[in-house]
file protein.cif (mmCIF, C-alpha atoms)
data_work
loop_
_atom_site.label_atom_id
_atom_site.label_comp_id
_atom_site.auth_asym_id
_atom_site.auth_seq_id
_atom_site.Cartn_x
_atom_site.Cartn_y
_atom_site.Cartn_z
CA MET A 17 -8.03 -22.52 8.82
CA LEU A 18 -4.65 -23.22 7.17
CA TYR A 19 -6.20 -23.88 3.77
CA ILE A 20 -8.32 -20.72 3.98
CA LEU A 21 -5.16 -18.72 4.79
CA ILE A 22 -3.31 -20.31 1.84
CA ALA A 23 -6.22 -19.50 -0.51
CA VAL A 24 -6.43 -15.89 0.70
CA GLY A 25 -2.62 -15.52 0.43
CA LEU A 26 -2.66 -16.80 -3.15
CA GLY A 27 -5.50 -14.39 -3.90
CA ILE A 28 -3.44 -11.47 -2.54
CA TRP A 29 -0.46 -12.51 -4.70
CA ILE A 30 -2.60 -12.76 -7.84
CA CYS A 31 -4.27 -9.39 -7.23
CA ALA A 32 -0.90 -7.71 -6.51
CA ILE A 33 0.76 -9.20 -9.62
CA GLN A 34 -2.19 -8.16 -11.79
CA ALA A 35 -2.13 -4.63 -10.32
CA ILE A 36 1.50 -4.28 -11.42
CA ARG A 37 1.16 -6.18 -14.72
CA VAL A 38 -1.91 -4.64 -16.38
CA HIS A 39 -1.40 -1.59 -18.57
CA ARG A 40 -4.62 0.35 -17.88
CA LEU A 41 -4.38 2.40 -14.70
CA LEU A 42 -8.09 2.04 -13.88
CA THR A 43 -7.89 -1.77 -14.03
CA SER A 44 -4.74 -1.61 -11.93
CA ALA A 45 -6.59 0.40 -9.25
CA ILE A 46 -9.42 -2.17 -9.19
CA TRP A 47 -6.92 -5.04 -8.72
CA LEU A 48 -5.33 -3.04 -5.89
CA ALA A 49 -8.76 -2.75 -4.24
CA GLY A 50 -9.12 -6.53 -4.50
CA ALA A 51 -5.71 -7.02 -2.87
CA SER A 52 -6.71 -4.61 -0.06
CA ALA A 53 -9.96 -6.47 0.56
CA LEU A 54 -8.13 -9.80 0.77
CA VAL A 55 -5.49 -8.28 3.10
CA ALA A 56 -8.39 -7.12 5.31
CA LEU A 57 -9.78 -10.68 5.28
CA MET A 58 -6.38 -12.07 6.26
CA ILE A 59 -6.06 -9.57 9.13
CA TYR A 60 -9.54 -10.64 10.28
CA LEU A 61 -8.43 -14.27 10.24
CA LEU A 62 -5.53 -13.23 12.49
CA ASP A 63 -8.07 -12.13 15.14
CA ALA A 64 -7.77 -8.38 14.57
CA PRO A 65 -11.32 -7.40 13.47
CA GLU A 66 -10.96 -3.68 14.33
CA VAL A 67 -7.94 -3.23 12.09
CA ALA A 68 -9.56 -5.39 9.38
CA VAL A 69 -12.66 -3.17 9.27
CA ILE A 70 -10.55 0.00 9.02
CA GLU A 71 -8.34 -1.55 6.31
CA LEU A 72 -11.43 -2.60 4.36
CA SER A 73 -13.14 0.77 4.54
CA VAL A 74 -10.03 2.93 4.11
CA GLY A 75 -7.69 0.71 2.06
CA ALA A 76 -10.25 -0.87 -0.24
CA GLY A 77 -12.86 1.92 -0.22
CA LEU A 78 -11.46 5.41 0.20
CA VAL A 79 -8.12 4.83 -1.53
CA THR A 80 -9.81 3.21 -4.55
CA VAL A 81 -12.20 6.14 -4.89
CA LEU A 82 -9.23 8.52 -4.72
CA PHE A 83 -7.34 6.52 -7.35
CA VAL A 84 -10.31 6.46 -9.73
CA PHE A 85 -10.83 10.20 -9.19
CA ALA A 86 -7.14 11.01 -9.79
CA ILE A 87 -6.93 8.76 -12.87
CA ASN A 88 -10.04 10.45 -14.29
CA ILE A 89 -8.47 13.89 -13.82
CA ALA A 90 -4.94 12.98 -14.94
CA GLY A 91 -6.06 10.63 -17.70
CA GLU A 92 -4.66 7.33 -18.86
CA GLU A 93 -1.17 7.47 -20.27
CA GLU A 94 0.12 4.31 -21.92
CA LEU A 95 3.82 4.00 -21.23
CA ALA A 96 6.03 1.18 -22.39
CA ILE A 97 7.58 -0.60 -19.42
CA ILE A 98 11.28 0.13 -19.82
CA PRO A 99 12.87 -0.41 -16.40
CA VAL A 100 15.67 1.80 -15.13
CA LEU A 101 17.72 -1.28 -14.24
CA PRO A 102 18.20 -4.31 -16.50
CA LYS A 103 15.40 -6.84 -15.94
CA PRO A 104 17.62 -9.79 -14.82
CA LEU A 105 19.21 -7.55 -12.17
CA VAL A 106 15.76 -6.47 -10.98
CA ILE A 107 14.63 -10.09 -10.64
CA ILE A 108 17.84 -11.04 -8.77
CA LEU A 109 17.33 -8.10 -6.37
CA ILE A 110 13.71 -9.07 -5.72
CA VAL A 111 14.55 -12.73 -5.12
CA VAL A 112 17.42 -11.81 -2.76
CA ASN A 113 15.06 -9.47 -0.91
CA ALA A 114 12.38 -12.15 -0.50
CA VAL A 115 14.89 -14.83 0.52
CA LEU A 116 16.52 -12.53 3.09
CA LEU A 117 13.12 -11.69 4.55
CA ILE A 118 12.28 -15.38 4.90
CA VAL A 119 15.71 -16.43 6.23
CA LEU A 120 15.81 -13.68 8.85
CA ASN A 121 12.36 -14.73 10.04
CA LEU A 122 13.07 -18.48 10.07
CA PRO A 123 12.84 -18.71 13.91
CA ALA A 124 9.19 -17.60 13.67
CA PHE A 125 8.29 -20.41 11.25
CA GLY A 126 7.68 -23.13 13.81
CA VAL A 127 5.99 -20.88 16.38
CA GLU A 128 2.42 -21.70 17.31
CA LEU A 129 0.15 -18.70 17.79
CA PRO A 130 -0.69 -17.99 21.45
CA PRO A 131 -4.37 -17.61 22.34
CA VAL A 132 -5.74 -14.07 22.05
CA LEU A 133 -6.49 -12.37 25.33
CA GLY A 134 -8.12 -9.47 23.49
CA GLY A 135 -10.55 -6.75 24.47
CA GLN A 136 -7.81 -4.26 25.36
CA PHE A 137 -7.15 -2.81 21.92
CA THR A 138 -8.94 0.50 22.45
CA LYS A 139 -7.32 0.91 25.87
CA THR A 140 -3.84 0.42 24.39
CA MET A 141 -4.65 2.74 21.51
CA TRP A 142 -5.96 5.66 23.59
CA GLN A 143 -3.92 5.35 26.78
CA GLU A 144 -0.52 4.01 25.76
CA ARG A 145 -0.15 5.22 22.18
CA GLY A 146 -1.01 8.88 22.70
CA LEU A 147 1.81 10.02 20.47
CA ASP A 148 0.47 7.87 17.64
CA ILE A 149 -2.96 9.50 17.97
CA LEU A 150 -1.32 12.93 17.79
CA LEU A 151 0.62 11.86 14.71
CA GLN A 152 -2.54 10.56 13.09
CA ILE A 153 -4.32 13.87 13.67
CA VAL A 154 -1.41 15.72 12.02
CA LEU A 155 -1.45 13.23 9.14
CA ILE A 156 -5.19 13.61 8.60
CA TYR A 157 -4.73 17.40 8.48
CA SER A 158 -2.01 16.90 5.84
CA GLY A 159 -4.42 14.62 3.99
CA VAL A 160 -7.02 17.39 3.89
CA LEU A 161 -4.41 19.69 2.36
CA GLY A 162 -3.59 16.91 -0.12
CA VAL A 163 -7.25 16.61 -1.17
CA LEU A 164 -7.33 20.39 -1.66
CA GLY A 165 -4.28 19.98 -3.92
CA LEU A 166 -6.10 17.25 -5.82
CA LEU A 167 -9.14 19.43 -6.35
CA SER A 168 -7.44 22.76 -7.00
CA GLU A 169 -7.58 24.26 -10.47
CA LYS A 170 -4.94 26.38 -12.12
CA LYS A 171 -5.71 30.08 -11.50
CA ILE A 172 -6.25 32.17 -14.59
CA HIS A 173 -5.15 35.77 -14.15
CA PRO A 174 -7.39 38.40 -15.77
CA GLY A 175 -4.64 39.48 -18.18
CA GLU A 176 -4.02 35.94 -19.37
CA GLU A 177 -7.74 35.39 -19.89
CA GLU A 178 -7.95 38.42 -22.17
CA GLN A 179 -4.95 37.25 -24.18
CA ALA A 180 -6.49 33.82 -24.60
CA MET B 19 8.31 -29.50 8.08
CA THR B 20 4.66 -29.06 8.95
CA LEU B 21 2.69 -26.05 7.83
CA SER B 22 2.00 -23.42 10.46
CA ILE B 23 0.10 -20.13 10.35
CA PRO B 24 3.22 -17.91 10.84
CA MET B 25 5.00 -19.79 8.04
CA ILE B 26 2.18 -19.21 5.55
CA MET B 27 1.82 -15.59 6.61
CA LEU B 28 5.54 -14.91 6.28
CA LEU B 29 5.60 -16.42 2.79
CA VAL B 30 2.64 -14.22 1.82
CA VAL B 31 4.38 -11.14 3.31
CA ALA B 32 7.65 -11.91 1.49
CA GLY B 33 5.78 -12.37 -1.80
CA VAL B 34 3.73 -9.18 -1.46
CA VAL B 35 6.79 -7.11 -0.49
CA ALA B 36 8.75 -8.56 -3.43
CA ILE B 37 5.91 -7.77 -5.87
CA GLY B 38 5.70 -4.22 -4.49
CA PHE B 39 9.46 -3.71 -4.88
CA TYR B 40 9.33 -5.06 -8.40
CA GLY B 41 6.55 -2.67 -9.35
CA LEU B 42 8.37 0.22 -7.72
CA ILE B 43 11.52 -0.47 -9.76
CA ILE B 44 9.99 -1.13 -13.17
CA SER B 45 7.09 1.37 -13.26
CA ARG B 46 7.53 4.62 -15.14
CA ASN B 47 4.04 6.00 -14.67
CA LEU B 48 3.75 8.15 -11.55
CA ILE B 49 0.32 6.74 -10.57
CA LYS B 50 1.60 3.19 -11.09
CA VAL B 51 4.45 3.95 -8.68
CA VAL B 52 1.87 4.96 -6.04
CA ILE B 53 0.00 1.69 -6.66
CA ALA B 54 3.25 -0.30 -6.22
CA MET B 55 3.95 1.58 -3.00
CA GLN B 56 0.48 0.70 -1.71
CA ILE B 57 1.16 -2.99 -2.37
CA LEU B 58 4.49 -2.74 -0.53
CA VAL B 59 2.77 -1.20 2.49
CA LYS B 60 0.09 -3.95 2.50
CA GLY B 61 2.93 -6.44 3.04
CA SER B 62 4.35 -4.50 5.96
CA LEU B 63 0.85 -4.14 7.43
CA LEU B 64 0.38 -7.90 7.43
CA ALA B 65 3.86 -8.32 8.94
CA LEU B 66 3.02 -5.93 11.80
CA VAL B 67 -0.23 -7.70 12.70
CA LEU B 68 1.54 -11.08 12.50
CA ALA B 69 4.43 -9.86 14.67
CA GLY B 70 2.00 -8.65 17.33
CA ARG B 71 0.12 -11.95 17.20
CA THR B 72 3.20 -14.22 17.45
CA THR B 73 4.96 -12.27 20.23
CA GLY B 74 1.80 -12.01 22.32
CA LYS B 75 1.69 -8.19 22.10
CA VAL B 76 -1.50 -8.22 20.06
CA ASN B 77 -2.67 -4.71 20.98
CA LEU B 78 0.67 -3.09 20.24
CA GLY B 79 0.87 -4.73 16.80
CA GLN B 80 -2.68 -3.71 15.98
CA SER B 81 -2.26 -0.09 17.03
CA MET B 82 0.94 0.17 14.98
CA ALA B 83 -0.91 -1.35 12.01
CA LEU B 84 -3.66 1.25 12.42
CA THR B 85 -1.09 4.06 12.34
CA VAL B 86 0.44 2.54 9.21
CA ILE B 87 -2.99 2.40 7.49
CA ILE B 88 -3.59 6.11 8.19
CA ALA B 89 -0.06 7.11 7.11
CA ASP B 90 -0.31 4.99 3.98
CA THR B 91 -3.62 6.59 2.98
CA ILE B 92 -2.30 10.11 3.49
CA VAL B 93 0.84 9.30 1.48
CA ALA B 94 -1.39 8.04 -1.34
CA VAL B 95 -3.57 11.19 -1.21
CA ILE B 96 -0.60 13.56 -1.33
CA ALA B 97 1.21 11.54 -4.01
CA LEU B 98 -1.93 11.49 -6.18
CA ALA B 99 -2.42 15.25 -5.70
CA LEU B 100 1.20 15.75 -6.78
CA ALA B 101 0.70 13.46 -9.78
CA VAL B 102 -2.40 15.37 -10.89
CA GLN B 103 -0.65 18.74 -10.57
CA ILE B 104 2.45 17.41 -12.39
CA ARG B 105 0.23 16.18 -15.21
CA ARG B 106 -1.40 19.62 -15.42
CA TYR B 107 1.86 21.58 -15.51
CA PHE B 108 4.15 19.22 -17.45
CA GLY B 109 1.60 17.29 -19.51
CA THR B 110 3.04 13.89 -18.71
CA LEU B 111 3.25 11.29 -15.96
CA ASP B 112 6.35 9.63 -17.39
CA LEU B 113 9.04 9.63 -14.71
CA LYS B 114 11.82 9.55 -17.27
CA SER B 115 10.75 12.74 -19.00
CA LEU B 116 10.14 14.42 -15.64
CA THR B 117 13.69 13.85 -14.41
CA THR B 118 14.96 17.05 -16.04
CA LEU B 119 12.44 19.13 -14.06
CA ARG B 120 12.16 21.63 -16.89
CA ARG B 121 9.04 22.84 -18.61
#

call {"tool": "encode", "arguments": {"input": "protein.cif", "output": "structure tokens"}}
result
Amino acid sequence: MLYILIAVGLGIWICAIQAIRVHRLLTSAIWLAGASALVALMIYLLDAPEVAVIELSVGAGLVTVLFVFAINIAGEEELAIIPVLPKPLVIILIVVNAVLLIVLNLPAFGVELPPVLGGQFTKTMWQERGLDILLQIVLIYSGVLGVLGLLSEKKIHPGEEEQA
Amino acid sequence: MTLSIPMIMLLVVAGVVAIGFYGLIISRNLIKVVIAMQILVKGSLLALVLAGRTTGKVNLGQSMALTVIIADTIVAVIALALAVQIRRYFGTLDLKSLTTLRR
């Protein structure tokens, strides 16, 4: 189990680094899909199959399709990577961030995972997290508006058309 | 120090969050920024599920993770729609040339 988790974790790191590193946007989106699929596998290994399935279908499926669609419309644009901050400062910030995250969570390092009681996920979701459900409905409605924005074309007024 | 599941998971989470932050800082392409943000959220998603699992509140962690997945997807959809419209109106996705907000 431990070695499988280590392998999946390394896979997530490699996919994430490649998604940031590669220049082509389409390749980057495919690496992101790989990272999402491995994250779903890791969530499954943590005994949360419902969330893993949703992450796999939404994170690795739907979002990738949206990315490919948007990149096709917007087109590839090769930009030289010139960071806003100097690169050494960026690396120091990232390392400090990662170290802080690990140090603050040190008490959790030696903890053994308790056995899963399970079977109550849907009950918790529908009965105790009602506000979350409401929020999700609002978010999905906003998502529909977002897709309309993605698909909408620029309107051409009759006068402009004649001039063109 | 012996290896434990929370230790491995936390190292993975720290790494993924760091990679996401790095991408968010150095990227200049608008779509690449959205990709970096997605990676950052994957790290927090793993952290939420792990937190629920270690504290014994499995269902709470999972339902929060589910909300994060939905919110993350909608953020990606709206950000991509914005990126496409920005490309149409301004002709570029370069964040540096968009900072003036002039046509």

call {"tool": "resolve_selection", "arguments": {"input": "protein.cif", "expression": "the PyMOL selection byres ((chain B) within 6 of (chain A))", "output": "list in words"}}
result
Pro24, Met25, Val30, Ala32, Ala36, Gly41, Ile44, Thr72, Asn77, Ser81, Ile92, Val95, Ile96, Ala99 and Val102 of chain B

call {"tool": "atom_distance", "arguments": {"input": "protein.cif", "atom1": "CA of Leu48 in chain B", "atom2": "CA of Ala89 in chain B"}}
result
19.1 Å

call {"tool": "closest_residue", "arguments": {"input": "protein.cif", "among": "B:Arg71, B:Met27, B:Leu66, B:Ile53", "to": "Ala23 in chain A", "atoms": "only C-alpha atoms"}}
result
B:Met27

call {"tool": "resolve_selection", "arguments": {"input": "protein.cif", "expression": "the PyMOL selection byres ((chain B and resi 38) around 7)", "output": "PDB file with C-alpha atoms, in the coordinates of the input"}}
result
ATOM      1  CA  VAL B  34       3.730  -9.180  -1.460  1.00  0.00           C
ATOM      2  CA  VAL B  35       6.790  -7.110  -0.490  1.00  0.00           C
ATOM      3  CA  ALA B  36       8.750  -8.560  -3.430  1.00  0.00           C
ATOM      4  CA  ILE B  37       5.910  -7.770  -5.870  1.00  0.00           C
ATOM      5  CA  PHE B  39       9.460  -3.710  -4.880  1.00  0.00           C
ATOM      6  CA  TYR B  40       9.330  -5.060  -8.400  1.00  0.00           C
ATOM      7  CA  GLY B  41       6.550  -2.670  -9.350  1.00  0.00           C
ATOM      8  CA  LEU B  42       8.370   0.220  -7.720  1.00  0.00           C
ATOM      9  CA  ALA B  54       3.250  -0.300  -6.220  1.00  0.00           C
ATOM     10  CA  MET B  55       3.950   1.580  -3.000  1.00  0.00           C
ATOM     11  CA  ILE B  57       1.160  -2.990  -2.370  1.00  0.00           C
ATOM     12  CA  LEU B  58       4.490  -2.740  -0.530  1.00  0.00           C
TER      13      LEU B  58
END

call {"tool": "atom_distance", "arguments": {"input": "protein.cif", "atom1": "CA of Val59 in chain B", "atom2": "CA of Thr117 in chain B"}}
result
25.1 Å

call {"tool": "closest_residue", "arguments": {"input": "protein.cif", "among": "B:Gln103, B:Gln80, B:Thr91, B:Ser22", "to": "Gln56 in chain B", "atoms": "only C-alpha atoms"}}
result
B:Thr91

call {"tool": "atom_distance", "arguments": {"input": "protein.cif", "atom1": "CA of Lys60 in chain B", "atom2": "CA of Leu84 in chain B"}}
result
11.8 Å

call {"tool": "closest_residue", "arguments": {"input": "protein.cif", "among": "A:Leu42, A:Leu54, A:Val81, A:Leu147", "to": "Ala94 in chain B", "atoms": "only C-alpha atoms"}}
result
A:Val81

call {"tool": "closest_residue", "arguments": {"input": "protein.cif", "among": "A:Ala53, A:Val84, A:Pro104, A:Val119", "to": "Leu98 in chain B", "atoms": "all atoms listed in the file"}}
result
A:Val84

call {"tool": "build_atoms", "arguments": {"input": "protein.cif", "residues": "range 45-67 of chain B", "atoms": "N, CA and C atoms", "output": "PDB file, in the frame of the given file"}}
result
ATOM      1  N   SER B  45       8.140   0.456 -12.765  1.00  0.00           N
ATOM      2  CA  SER B  45       7.090   1.370 -13.260  1.00  0.00           C
ATOM      3  C   SER B  45       7.664   2.718 -13.644  1.00  0.00           C
ATOM      4  N   ARG B  46       7.117   3.274 -14.719  1.00  0.00           N
ATOM      5  CA  ARG B  46       7.530   4.620 -15.140  1.00  0.00           C
ATOM      6  C   ARG B  46       6.408   5.621 -14.998  1.00  0.00           C
ATOM      7  N   ASN B  47       5.186   5.102 -14.851  1.00  0.00           N
ATOM      8  CA  ASN B  47       4.040   6.000 -14.670  1.00  0.00           C
ATOM      9  C   ASN B  47       3.939   6.373 -13.191  1.00  0.00           C
ATOM     10  N   LEU B  48       3.751   7.662 -12.932  1.00  0.00           N
ATOM     11  CA  LEU B  48       3.750   8.150 -11.550  1.00  0.00           C
ATOM     12  C   LEU B  48       2.639   7.500 -10.714  1.00  0.00           C
ATOM     13  N   ILE B  49       1.447   7.333 -11.313  1.00  0.00           N
ATOM     14  CA  ILE B  49       0.320   6.740 -10.570  1.00  0.00           C
ATOM     15  C   ILE B  49       0.592   5.255 -10.314  1.00  0.00           C
ATOM     16  N   LYS B  50       1.255   4.604 -11.279  1.00  0.00           N
ATOM     17  CA  LYS B  50       1.600   3.190 -11.090  1.00  0.00           C
ATOM     18  C   LYS B  50       2.606   3.014  -9.945  1.00  0.00           C
ATOM     19  N   VAL B  51       3.491   3.996  -9.792  1.00  0.00           N
ATOM     20  CA  VAL B  51       4.450   3.950  -8.680  1.00  0.00           C
ATOM     21  C   VAL B  51       3.705   4.011  -7.341  1.00  0.00           C
ATOM     22  N   VAL B  52       2.668   4.855  -7.285  1.00  0.00           N
ATOM     23  CA  VAL B  52       1.870   4.960  -6.040  1.00  0.00           C
ATOM     24  C   VAL B  52       1.175   3.628  -5.765  1.00  0.00           C
ATOM     25  N   ILE B  53       0.669   2.985  -6.825  1.00  0.00           N
ATOM     26  CA  ILE B  53       0.000   1.690  -6.660  1.00  0.00           C
ATOM     27  C   ILE B  53       0.999   0.654  -6.128  1.00  0.00           C
ATOM     28  N   ALA B  54       2.226   0.652  -6.688  1.00  0.00           N
ATOM     29  CA  ALA B  54       3.250  -0.300  -6.220  1.00  0.00           C
ATOM     30  C   ALA B  54       3.596  -0.046  -4.758  1.00  0.00           C
ATOM     31  N   MET B  55       3.651   1.237  -4.390  1.00  0.00           N
ATOM     32  CA  MET B  55       3.950   1.580  -3.000  1.00  0.00           C
ATOM     33  C   MET B  55       2.852   1.088  -2.059  1.00  0.00           C
ATOM     34  N   GLN B  56       1.602   1.187  -2.520  1.00  0.00           N
ATOM     35  CA  GLN B  56       0.480   0.700  -1.710  1.00  0.00           C
ATOM     36  C   GLN B  56       0.606  -0.802  -1.473  1.00  0.00           C
ATOM     37  N   ILE B  57       1.003  -1.533  -2.518  1.00  0.00           N
ATOM     38  CA  ILE B  57       1.160  -2.990  -2.370  1.00  0.00           C
ATOM     39  C   ILE B  57       2.266  -3.302  -1.368  1.00  0.00           C
ATOM     40  N   LEU B  58       3.362  -2.553  -1.459  1.00  0.00           N
ATOM     41  CA  LEU B  58       4.490  -2.740  -0.530  1.00  0.00           C
ATOM     42  C   LEU B  58       4.029  -2.538   0.922  1.00  0.00           C
ATOM     43  N   VAL B  59       3.224  -1.501   1.129  1.00  0.00           N
ATOM     44  CA  VAL B  59       2.770  -1.200   2.490  1.00  0.00           C
ATOM     45  C   VAL B  59       1.789  -2.267   2.998  1.00  0.00           C
ATOM     46  N   LYS B  60       1.000  -2.863   2.082  1.00  0.00           N
ATOM     47  CA  LYS B  60       0.090  -3.950   2.500  1.00  0.00           C
ATOM     48  C   LYS B  60       0.900  -5.089   3.111  1.00  0.00           C
ATOM     49  N   GLY B  61       2.063  -5.383   2.505  1.00  0.00           N
ATOM     50  CA  GLY B  61       2.930  -6.440   3.040  1.00  0.00           C
ATOM     51  C   GLY B  61       3.411  -6.110   4.433  1.00  0.00           C
ATOM     52  N   SER B  62       3.843  -4.872   4.631  1.00  0.00           N
ATOM     53  CA  SER B  62       4.350  -4.500   5.960  1.00  0.00           C
ATOM     54  C   SER B  62       3.222  -4.482   7.001  1.00  0.00           C
ATOM     55  N   LEU B  63       2.022  -4.148   6.530  1.00  0.00           N
ATOM     56  CA  LEU B  63       0.850  -4.140   7.430  1.00  0.00           C
ATOM     57  C   LEU B  63       0.571  -5.548   7.958  1.00  0.00           C
ATOM     58  N   LEU B  64       0.584  -6.507   7.027  1.00  0.00           N
ATOM     59  CA  LEU B  64       0.380  -7.900   7.430  1.00  0.00           C
ATOM     60  C   LEU B  64       1.475  -8.344   8.389  1.00  0.00           C
ATOM     61  N   ALA B  65       2.724  -7.931   8.108  1.00  0.00           N
ATOM     62  CA  ALA B  65       3.860  -8.320   8.940  1.00  0.00           C
ATOM     63  C   ALA B  65       3.696  -7.772  10.359  1.00  0.00           C
ATOM     64  N   LEU B  66       3.198  -6.528  10.469  1.00  0.00           N
ATOM     65  CA  LEU B  66       3.020  -5.930  11.800  1.00  0.00           C
ATOM     66  C   LEU B  66       1.979  -6.679  12.623  1.00  0.00           C
ATOM     67  N   VAL B  67       0.836  -6.982  11.975  1.00  0.00           N
ATOM     68  CA  VAL B  67      -0.230  -7.700  12.700  1.00  0.00           C
ATOM     69  C   VAL B  67       0.274  -9.081  13.111  1.00  0.00           C
TER      70      VAL B  67
END
